[in-house]
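Structure, as structure tokens:
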Amino acid sequence: MNLLKIENLAIIYQYAYLFDELNFSLNKGERLVIIGESGSGKSSILNAIIGAIEYEGSIEINTDVSYMPQSLALLDHKTVRGNVELPRIIRKLEQIADDEYNQFGLEQYIDTYVSKLSGGQRQRVALMRALYSGGSLLLFDEPLSKLDQINKERMMDYFLNHITDDYGLVYITHDLNEAVKIGTKILVLSEYPQMIDNNLETDVMKTLLKEMLKTNIEGEQDESMYS
Amino acid sequence: MNFVNKYISQLSFVVLIIIWQLGVTAFAVPEYILPSPTSIVYTLITNIKLIAIHTSYTLFEAVLGILIAIVLGVLSAIVLYRYQTLNRIFMPYINILQTIPAIVIAPLFAMWFGFGLFPKVLLIVIFCSFPIVVSTVSSFSQVDSESILYLKSLNCNDFHLFKHLYLPAASKSIFASIKISTTYSLVNAIFAEYMGAKYGLGVYLNKASSSFSTPDVFAIIIVIIVVTLSLLKIVDKIETKVIRWD
């Protein structure tokens with residue numbers, strides 16, 4: 001069974017379709033990266049999945065979701081444990097053992113308020129919270145956008161090491177490097193969204209994505225000339 | 001020099017008291033116009049038992065009033081934020097009522113409800129809950145939208161939303177408004193007692209002013225300041241205990 005199945009999804013923003021008839025599905029072990037220009041509707045897809053906005057079409061979710069927004073949405077008034085346990089309390093799941101924090105390098109910060117942690121440590125708390133929230137569908141909305149390149153690379157490796165085949169990931173970014181490194185498949189969002197498998201050599205893939213995004217931008221410019 | 005810098009406010013207070021004492025003595029100012037600090041302290045010590053009895057009544061009314069105001073204020077804020085229609089209906093009235101001074105309402109309450117405990121506590125509850133309601137509703141609307149989305153993505157209910165997000169996020173504003181309300185509570189209690197009561201600082205103040213016992217009036221002012229500052233200190237202590245993440 002698919003973790004997520006989207007059929008004929010259309011999202012309207014300010015009286016215009018961002019896109020329509022978007023179809024895709026996601027299974028365990030798959031990592032779908034959605035890439036596109038600002039305003040192309042990347043975040044709207046996640047918002048539709050978590051039910052925060054209205055949409056046309058159907059979204060079928062067969063597991064609990066775990067959403068990680070750009071800001072990470074950690075609750076500063078809670079400790080590391082308080083944040084990681086929050087979805088488990090709401091979903092009435094058992095408390096996790098202290099040992100589990102070791103693999104995220106958080107064992108010495110379990111009872112520290114997250115407001116006192118560094119950026120990298122906060123990312124790890126958010127990742128741990130996502131993985132232990134009881135759901136298999138991870139929805140990440142540009143979680144690394146605020147990091148510098150070195151830390152971005154480091155966290156991407158960290159993500160890939162921890163997000164096992166037990167999970168399905170929908171990952172939004174506008175960074176080609178992230179898209180190519182993280183995705184098993186890539187959805188290029190434009191007026192005519194295109195899904196491609198990320199099985200080409202990295203540089204070729206990047207060039208392809210660049211071309212696809214460039215075409216879209218030029219297309220928009222052409223239209224605006226006649227409007 | 002360091003000592004002066006460190007204790008500048010305390011030292012300036014001592015200097016002010018000395019100037020006051022010397023000035024009143026040097027110019028032989030009558031006591032009913034401006035009593036000297038030593039005369040005020042003497043009155044305070046002489047009447048301490050009576051003042052303590054009156055203070056206990058006022059303090060009881062103020063604390064009871066502020067406690068009810070906190071509970072009522074926060075609960076009303078939750079309801080008004082959760083149900084926007086109610087917000088649109090009631091918020092204008094709350095804003096208008098805030099503009100009416102307590103001195104206008106206190107005699108009305110005395111006429112409607114008599115001179116017992118109820119009208120006094122009611123006056124305190126009404127005037128102390130307004131700042132809490134307004135400030136709490138406003139801080140709820142400033143809660144990080146991504147955190148709200150995150151919690152909603154977990155399909156959590158309103159109870160969890162307010163418990164885990166809105167109330168902790170608004171707690172600093174809530175405490176700030178509680179501090180404002182705490183200072184109002186004592187003043188409002190005294191207002192209400194002034195309109196008619198058997199005991200309380202308002203009653204004592206009324207008697208003192210009508211008999212031109214100015215040292216007693218100043219003694220009461222000192223008591224009001226000390227009690228208010230003590231109440232604020234208690235609120236501060238509770239705030240430090242509650243908001244540990246800051």
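Residues in the structure tokens are numbered from 1 in each chain, the chains being A, B, ... in the order shown, and ligands are numbered from 1 in the order shown.
Those residues in segment 58-209 of chain A carrying a DSSP assignment of strand (DSSP E or B), computed from the backbone, are Ser58, Ile59, Glu60, Ile61, Val65, Ser66, Tyr67, Met68, Thr79, Tyr113, Leu137, Leu138, Leu139, Phe140, Asp141, Gly168, Leu169, Val170, Tyr171, Ile172, Thr173, Lys185, Ile186, Leu187, Val188, Gln194, Met195, Ile196 and Asp197 of chain A.
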Let's have the selection written as a tab-separated table (two decimals), in the first residue's frame, with N, CA and C atoms.
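Saved the output as again_17.tsv:
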```tsv
chain	number	residue	atom	x	y	z
A	58	SER	N	-7.69	14.41	-4.95
A	58	SER	CA	-7.72	13.56	-3.76
A	58	SER	C	-6.32	13.30	-3.21
A	59	ILE	N	-6.24	13.29	-1.90
A	59	ILE	CA	-4.98	12.99	-1.21
A	59	ILE	C	-5.27	11.84	-0.25
A	60	GLU	N	-4.60	10.71	-0.49
A	60	GLU	CA	-4.83	9.55	0.37
A	60	GLU	C	-3.57	9.31	1.20
A	61	ILE	N	-3.72	9.34	2.51
A	61	ILE	CA	-2.56	9.14	3.39
A	61	ILE	C	-2.81	7.88	4.20
A	65	VAL	N	1.54	11.38	9.64
A	65	VAL	CA	2.57	12.20	8.99
A	65	VAL	C	3.45	12.88	10.03
A	66	SER	N	4.65	13.22	9.58
A	66	SER	CA	5.53	14.01	10.43
A	66	SER	C	6.06	15.16	9.61
A	67	TYR	N	5.65	16.35	9.99
A	67	TYR	CA	5.93	17.56	9.21
A	67	TYR	C	7.08	18.34	9.84
A	68	MET	N	8.07	18.72	9.02
A	68	MET	CA	9.16	19.55	9.52
A	68	MET	C	9.26	20.81	8.65
A	79	THR	N	11.91	21.09	26.62
A	79	THR	CA	13.27	20.53	26.56
A	79	THR	C	13.38	19.67	25.30
A	113	TYR	N	16.62	22.92	27.55
A	113	TYR	CA	15.61	23.61	26.73
A	113	TYR	C	16.18	23.85	25.34
A	137	LEU	N	5.41	8.77	7.15
A	137	LEU	CA	5.47	9.75	6.05
A	137	LEU	C	6.09	11.05	6.56
A	138	LEU	N	7.31	11.32	6.10
A	138	LEU	CA	8.02	12.52	6.54
A	138	LEU	C	7.81	13.62	5.51
A	139	LEU	N	7.40	14.80	5.97
A	139	LEU	CA	7.19	15.93	5.06
A	139	LEU	C	8.13	17.05	5.49
A	140	PHE	N	9.20	17.25	4.74
A	140	PHE	CA	10.20	18.24	5.13
A	140	PHE	C	10.14	19.44	4.17
A	141	ASP	N	9.91	20.62	4.72
A	141	ASP	CA	9.80	21.82	3.90
A	141	ASP	C	11.06	22.68	4.06
A	168	GLY	N	8.88	7.09	4.15
A	168	GLY	CA	8.78	7.74	2.86
A	168	GLY	C	8.97	9.22	3.11
A	169	LEU	N	9.72	9.88	2.24
A	169	LEU	CA	10.03	11.28	2.49
A	169	LEU	C	9.58	12.17	1.33
A	170	VAL	N	8.87	13.24	1.66
A	170	VAL	CA	8.62	14.29	0.66
A	170	VAL	C	9.45	15.49	1.12
A	171	TYR	N	10.36	15.93	0.25
A	171	TYR	CA	11.35	16.92	0.67
A	171	TYR	C	11.31	18.09	-0.30
A	172	ILE	N	11.08	19.27	0.24
A	172	ILE	CA	10.97	20.44	-0.62
A	172	ILE	C	12.24	21.26	-0.56
A	173	THR	N	12.71	21.69	-1.70
A	173	THR	CA	13.90	22.54	-1.73
A	173	THR	C	13.92	23.36	-3.02
A	185	LYS	N	13.47	10.23	-6.39
A	185	LYS	CA	12.80	10.80	-7.56
A	185	LYS	C	12.55	12.28	-7.32
A	186	ILE	N	12.44	13.02	-8.41
A	186	ILE	CA	12.36	14.47	-8.29
A	186	ILE	C	11.15	14.99	-9.07
A	187	LEU	N	10.36	15.81	-8.40
A	187	LEU	CA	9.23	16.44	-9.07
A	187	LEU	C	9.59	17.89	-9.34
A	188	VAL	N	9.68	18.23	-10.62
A	188	VAL	CA	10.00	19.61	-10.98
A	188	VAL	C	8.67	20.33	-11.14
A	194	GLN	N	6.71	17.88	-13.83
A	194	GLN	CA	7.31	16.68	-14.42
A	194	GLN	C	8.01	15.87	-13.34
A	195	MET	N	7.75	14.56	-13.33
A	195	MET	CA	8.39	13.68	-12.37
A	195	MET	C	9.54	12.95	-13.07
A	196	ILE	N	10.73	12.97	-12.47
A	196	ILE	CA	11.85	12.24	-13.08
A	196	ILE	C	12.55	11.38	-12.03
A	197	ASP	N	13.08	10.26	-12.48
A	197	ASP	CA	13.85	9.41	-11.55
A	197	ASP	C	15.26	9.96	-11.43
```
Any chance you could tabulate, as JSON lines, the residues of chain A at most 8 Å from chain B with each one's nearest atom pair and distance in Å to one decimal, using only C-alpha atoms, in chain and rising number order?
```
{"residue": "A:Ile50", "atom": "CA", "partner": "B:Ser153", "partner_atom": "CA", "distance": 5.2}
{"residue": "A:Gly51", "atom": "CA", "partner": "B:Ser153", "partner_atom": "CA", "distance": 7.4}
{"residue": "A:Ala52", "atom": "CA", "partner": "B:Leu149", "partner_atom": "CA", "distance": 7.1}
{"residue": "A:Asp64", "atom": "CA", "partner": "B:Leu154", "partner_atom": "CA", "distance": 7.7}
{"residue": "A:Val65", "atom": "CA", "partner": "B:Ser153", "partner_atom": "CA", "distance": 7.0}
{"residue": "A:Ser66", "atom": "CA", "partner": "B:Ser153", "partner_atom": "CA", "distance": 7.2}
{"residue": "A:Tyr67", "atom": "CA", "partner": "B:Tyr150", "partner_atom": "CA", "distance": 6.1}
{"residue": "A:Met68", "atom": "CA", "partner": "B:Tyr150", "partner_atom": "CA", "distance": 7.2}
{"residue": "A:Pro69", "atom": "CA", "partner": "B:Glu146", "partner_atom": "CA", "distance": 6.6}
{"residue": "A:Ser71", "atom": "CA", "partner": "B:Glu146", "partner_atom": "CA", "distance": 7.1}
{"residue": "A:Ala73", "atom": "CA", "partner": "B:Ser147", "partner_atom": "CA", "distance": 4.6}
{"residue": "A:Leu74", "atom": "CA", "partner": "B:Ser147", "partner_atom": "CA", "distance": 7.2}
{"residue": "A:Leu75", "atom": "CA", "partner": "B:Ser147", "partner_atom": "CA", "distance": 7.4}
{"residue": "A:Asp76", "atom": "CA", "partner": "B:Trp245", "partner_atom": "CA", "distance": 7.0}
{"residue": "A:His77", "atom": "CA", "partner": "B:Trp245", "partner_atom": "CA", "distance": 5.4}
{"residue": "A:Lys78", "atom": "CA", "partner": "B:Trp245", "partner_atom": "CA", "distance": 7.2}
{"residue": "A:Pro87", "atom": "CA", "partner": "B:Leu154", "partner_atom": "CA", "distance": 6.6}
{"residue": "A:Ile90", "atom": "CA", "partner": "B:Cys156", "partner_atom": "CA", "distance": 6.3}
{"residue": "A:Arg91", "atom": "CA", "partner": "B:Leu154", "partner_atom": "CA", "distance": 7.7}
{"residue": "A:Tyr113", "atom": "CA", "partner": "B:Trp245", "partner_atom": "CA", "distance": 5.8}
{"residue": "A:Ser115", "atom": "CA", "partner": "B:Trp245", "partner_atom": "CA", "distance": 7.0}
```
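Every protein or nucleic acid residue with an atom no more than 7 Å from Glu31 of chain B, counting only C-alpha atoms and leaving out same-chain residues fewer than 3 positions away, appears here: B:Leu34, B:Pro35, B:Thr214.
Compared by their closest atoms to Leu108 of chain B, and using only C-alpha atoms, the residues B:Lys241, B:Thr136, B:Met195, B:Ala28 rank with B:Met195 nearest.
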Name the residues in contact with Asn206 of chain B at a cut-off of 10 Å, using only C-alpha atoms, excluding same-chain residues fewer than 3 positions from it; report them as a PDB file with N, CA and C atoms, in the first residue's frame.
```pdb
ATOM      1  N   ILE B 190      -9.082  49.551  47.434  1.00  0.00           N
ATOM      2  CA  ILE B 190      -9.154  50.754  48.270  1.00  0.00           C
ATOM      3  C   ILE B 190     -10.277  51.691  47.800  1.00  0.00           C
ATOM      4  N   GLU B 193     -13.520  50.231  48.976  1.00  0.00           N
ATOM      5  CA  GLU B 193     -13.693  50.417  50.431  1.00  0.00           C
ATOM      6  C   GLU B 193     -14.026  51.872  50.752  1.00  0.00           C
ATOM      7  N   TYR B 194     -13.473  52.749  49.974  1.00  0.00           N
ATOM      8  CA  TYR B 194     -13.710  54.186  50.150  1.00  0.00           C
ATOM      9  C   TYR B 194     -15.199  54.501  50.034  1.00  0.00           C
ATOM     10  N   MET B 195     -15.881  53.738  49.164  1.00  0.00           N
ATOM     11  CA  MET B 195     -17.309  53.962  48.923  1.00  0.00           C
ATOM     12  C   MET B 195     -18.155  53.489  50.103  1.00  0.00           C
ATOM     13  N   GLY B 196     -17.610  52.639  50.925  1.00  0.00           N
ATOM     14  CA  GLY B 196     -18.359  52.152  52.076  1.00  0.00           C
ATOM     15  C   GLY B 196     -17.929  50.772  52.493  1.00  0.00           C
ATOM     16  N   GLY B 200     -10.678  47.984  56.134  1.00  0.00           N
ATOM     17  CA  GLY B 200      -9.892  48.082  54.898  1.00  0.00           C
ATOM     18  C   GLY B 200      -9.113  49.384  54.868  1.00  0.00           C
ATOM     19  N   LEU B 201      -8.074  49.410  54.040  1.00  0.00           N
ATOM     20  CA  LEU B 201      -7.235  50.614  53.966  1.00  0.00           C
ATOM     21  C   LEU B 201      -8.019  51.809  53.443  1.00  0.00           C
ATOM     22  N   GLY B 202      -9.023  51.549  52.604  1.00  0.00           N
ATOM     23  CA  GLY B 202      -9.868  52.618  52.079  1.00  0.00           C
ATOM     24  C   GLY B 202     -10.628  53.299  53.210  1.00  0.00           C
ATOM     25  N   VAL B 203     -11.120  52.494  54.154  1.00  0.00           N
ATOM     26  CA  VAL B 203     -11.872  53.018  55.299  1.00  0.00           C
ATOM     27  C   VAL B 203     -10.924  53.855  56.167  1.00  0.00           C
ATOM     28  N   SER B 209      -8.180  61.108  56.234  1.00  0.00           N
ATOM     29  CA  SER B 209      -8.231  62.350  55.451  1.00  0.00           C
ATOM     30  C   SER B 209      -9.312  63.289  55.979  1.00  0.00           C
ATOM     31  N   SER B 210     -10.452  62.706  56.433  1.00  0.00           N
ATOM     32  CA  SER B 210     -11.516  63.598  56.919  1.00  0.00           C
ATOM     33  C   SER B 210     -11.158  64.207  58.278  1.00  0.00           C
ATOM     34  N   SER B 211     -10.218  63.612  58.992  1.00  0.00           N
ATOM     35  CA  SER B 211      -9.802  64.224  60.276  1.00  0.00           C
ATOM     36  C   SER B 211      -8.453  64.942  60.134  1.00  0.00           C
ATOM     37  N   PHE B 212      -8.049  65.203  58.891  1.00  0.00           N
ATOM     38  CA  PHE B 212      -6.788  65.911  58.592  1.00  0.00           C
ATOM     39  C   PHE B 212      -5.574  65.269  59.264  1.00  0.00           C
ATOM     40  N   VAL B 217      -2.297  59.390  56.552  1.00  0.00           N
ATOM     41  CA  VAL B 217      -2.456  59.226  55.090  1.00  0.00           C
ATOM     42  C   VAL B 217      -1.125  58.772  54.485  1.00  0.00           C
TER      43      VAL B 217
END
```
Exercise for the section: Identify, on the basis of only C-alpha atoms, every residue whose closest approach to segment 125-135 of chain A does not exceed 10 Å; exclude the query and any residue fewer than 6 positions from it along the same chain; express the result as a PyMOL selection string. Expected result: (chain A and resi 3+62-69+71-74+79-94+96+100-101+103-106+109-110+114+117+119+143+155+158-159+162-164+166-168) or (chain B and resi 154)
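What separates atom CA of Ile49 of chain A from atom CA of Leu208 of chain A is a distance of 27.9 Å.
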Exercise for the section: Would you kindly return, as a PyMOL selection string, each protein, DNA or RNA residue with an atom no farther than 12 Å from any atom of Ile238 of chain B, considering only C-alpha atoms and excluding same-chain residues fewer than 5 positions away? Expected result: chain B and resi 171-172+175+178-179+231-233+243-244
Would you pick out the contacts of segment 57-69 of chain B at 10 Å or less, using only C-alpha atoms, so that residues sharing its chain but fewer than 3 positions from it are not included, and give the list as a short mmCIF file (atom, residue, chain, number, x, y, z; two decimals) with N, CA and C atoms, in the first residue's frame?
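The resulting file, part-v5.cif, is reproduced below:
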```cif
data_model
loop_
_atom_site.label_atom_id
_atom_site.label_comp_id
_atom_site.auth_asym_id
_atom_site.auth_seq_id
_atom_site.Cartn_x
_atom_site.Cartn_y
_atom_site.Cartn_z
N ALA B 52 -2.57 47.10 60.46
CA ALA B 52 -2.42 45.69 60.04
C ALA B 52 -3.78 45.04 59.83
N ILE B 53 -4.71 45.35 60.74
CA ILE B 53 -6.07 44.77 60.62
C ILE B 53 -6.73 45.26 59.32
N HIS B 54 -6.67 46.56 59.09
CA HIS B 54 -7.27 47.13 57.87
C HIS B 54 -6.56 46.59 56.62
N LEU B 72 -10.30 33.89 35.18
CA LEU B 72 -11.35 34.36 34.27
C LEU B 72 -10.75 35.00 33.02
N GLY B 73 -9.69 35.79 33.21
CA GLY B 73 -9.06 36.50 32.09
C GLY B 73 -8.48 35.53 31.08
N VAL B 74 -7.74 34.54 31.56
CA VAL B 74 -7.09 33.60 30.63
C VAL B 74 -8.15 32.72 29.94
N LEU B 75 -9.14 32.25 30.72
CA LEU B 75 -10.20 31.42 30.12
C LEU B 75 -10.98 32.21 29.06
N LEU B 117 -18.37 42.04 50.79
CA LEU B 117 -17.17 41.60 50.07
C LEU B 117 -17.41 41.54 48.56
N PHE B 118 -18.64 41.08 48.17
CA PHE B 118 -18.92 40.80 46.77
C PHE B 118 -18.66 41.99 45.82
N LYS B 120 -16.84 44.54 46.11
CA LYS B 120 -15.42 44.93 46.09
C LYS B 120 -14.61 43.97 45.22
N VAL B 121 -14.85 42.68 45.46
CA VAL B 121 -14.12 41.67 44.66
C VAL B 121 -14.54 41.76 43.20
N LEU B 122 -15.83 42.01 42.97
CA LEU B 122 -16.32 42.12 41.59
C LEU B 122 -15.61 43.26 40.85
N LEU B 123 -15.47 44.39 41.54
CA LEU B 123 -14.80 45.54 40.93
C LEU B 123 -13.34 45.19 40.56
N ILE B 124 -12.67 44.51 41.49
CA ILE B 124 -11.27 44.12 41.24
C ILE B 124 -11.21 43.14 40.07
N VAL B 125 -12.12 42.14 40.09
CA VAL B 125 -12.10 41.12 39.03
C VAL B 125 -12.30 41.79 37.67
N ILE B 126 -13.28 42.67 37.57
CA ILE B 126 -13.57 43.30 36.28
C ILE B 126 -12.36 44.11 35.79
N PHE B 127 -11.85 44.98 36.65
CA PHE B 127 -10.78 45.87 36.18
C PHE B 127 -9.43 45.18 36.04
N CYS B 128 -9.25 44.07 36.76
CA CYS B 128 -7.97 43.36 36.64
C CYS B 128 -7.99 42.33 35.52
N SER B 129 -9.18 41.86 35.13
CA SER B 129 -9.20 40.84 34.08
C SER B 129 -9.07 41.46 32.68
N PHE B 130 -9.48 42.73 32.51
CA PHE B 130 -9.37 43.36 31.19
C PHE B 130 -7.95 43.30 30.61
N PRO B 131 -6.95 43.78 31.34
CA PRO B 131 -5.60 43.75 30.75
C PRO B 131 -5.14 42.34 30.42
N ILE B 132 -5.57 41.38 31.26
CA ILE B 132 -5.15 39.98 31.02
C ILE B 132 -5.80 39.46 29.74
N VAL B 133 -7.12 39.72 29.58
CA VAL B 133 -7.83 39.25 28.38
C VAL B 133 -7.20 39.86 27.12
N ILE B 178 -0.45 40.28 34.27
CA ILE B 178 -0.78 39.98 35.67
C ILE B 178 -0.11 41.02 36.59
N SER B 181 -2.16 44.09 36.44
CA SER B 181 -3.41 43.87 37.18
C SER B 181 -3.17 43.83 38.69
N THR B 182 -2.02 43.31 39.10
CA THR B 182 -1.72 43.24 40.54
C THR B 182 -1.66 44.64 41.15
N THR B 183 -1.06 45.56 40.41
CA THR B 183 -1.00 46.93 40.95
C THR B 183 -2.40 47.54 40.97
N TYR B 184 -3.22 47.20 39.95
CA TYR B 184 -4.60 47.71 39.93
C TYR B 184 -5.41 47.15 41.11
N SER B 185 -5.14 45.90 41.47
CA SER B 185 -6.00 45.19 42.42
C SER B 185 -6.08 45.93 43.75
N LEU B 186 -4.96 46.36 44.26
CA LEU B 186 -4.95 47.04 45.56
C LEU B 186 -5.64 48.41 45.47
N VAL B 187 -5.33 49.12 44.39
CA VAL B 187 -5.94 50.44 44.20
C VAL B 187 -7.46 50.31 44.10
N ASN B 188 -7.91 49.30 43.33
CA ASN B 188 -9.36 49.11 43.17
C ASN B 188 -10.02 48.69 44.48
N ALA B 189 -9.33 47.86 45.26
CA ALA B 189 -9.88 47.44 46.56
C ALA B 189 -10.06 48.67 47.45
N ILE B 190 -9.08 49.55 47.43
CA ILE B 190 -9.15 50.75 48.27
C ILE B 190 -10.28 51.69 47.80
N ALA B 192 -13.04 50.76 46.30
CA ALA B 192 -14.30 50.13 46.68
C ALA B 192 -14.56 50.33 48.16
N GLU B 193 -13.52 50.23 48.98
CA GLU B 193 -13.69 50.42 50.43
C GLU B 193 -14.03 51.87 50.75
N LYS B 198 -16.60 48.41 56.43
CA LYS B 198 -16.30 48.50 57.87
C LYS B 198 -14.80 48.52 58.08
N TYR B 199 -14.11 47.69 57.28
CA TYR B 199 -12.65 47.58 57.43
C TYR B 199 -11.98 47.73 56.07
N GLY B 200 -10.68 47.98 56.13
CA GLY B 200 -9.89 48.08 54.90
C GLY B 200 -9.11 49.38 54.87
N LEU B 201 -8.07 49.41 54.04
CA LEU B 201 -7.23 50.61 53.97
C LEU B 201 -8.02 51.81 53.44
N GLY B 202 -9.02 51.55 52.60
CA GLY B 202 -9.87 52.62 52.08
C GLY B 202 -10.63 53.30 53.21
N VAL B 203 -11.12 52.49 54.15
CA VAL B 203 -11.87 53.02 55.30
C VAL B 203 -10.92 53.86 56.17
N ILE B 224 0.66 50.84 51.24
CA ILE B 224 0.21 50.45 49.89
C ILE B 224 1.42 50.11 49.01
N VAL B 227 2.99 46.77 50.24
CA VAL B 227 2.16 45.60 49.91
C VAL B 227 2.18 45.34 48.40
N THR B 228 2.05 46.41 47.60
CA THR B 228 2.04 46.23 46.14
C THR B 228 3.38 45.65 45.67
N LEU B 231 3.55 42.02 46.55
CA LEU B 231 2.74 41.19 45.64
C LEU B 231 3.45 41.01 44.30
#
```
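Minimum distance to Gln123 of chain A across A:Gln95, A:Gln70, A:Asn177, A:Asn102 (counting only C-alpha atoms) occurs at A:Gln70.
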Practice task
Pull the helix (DSSP H, G or I) assignments for segment 4-217 of chain A out of DSSP run on the backbone, and list those residues as a ChimeraX atom specification.
Solution key: /A:42-49,80-90,98-104,107-109,114-116,119-131,149-162,176-182,202-217
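Interatomic distance, atom CA of Asn2 of chain A against atom CA of Asn27 of chain A: 4.9 Å.
Taking atom CA of Leu44 of chain B and atom CA of Lys237 of chain B as endpoints, the distance between them is 28.3 Å.
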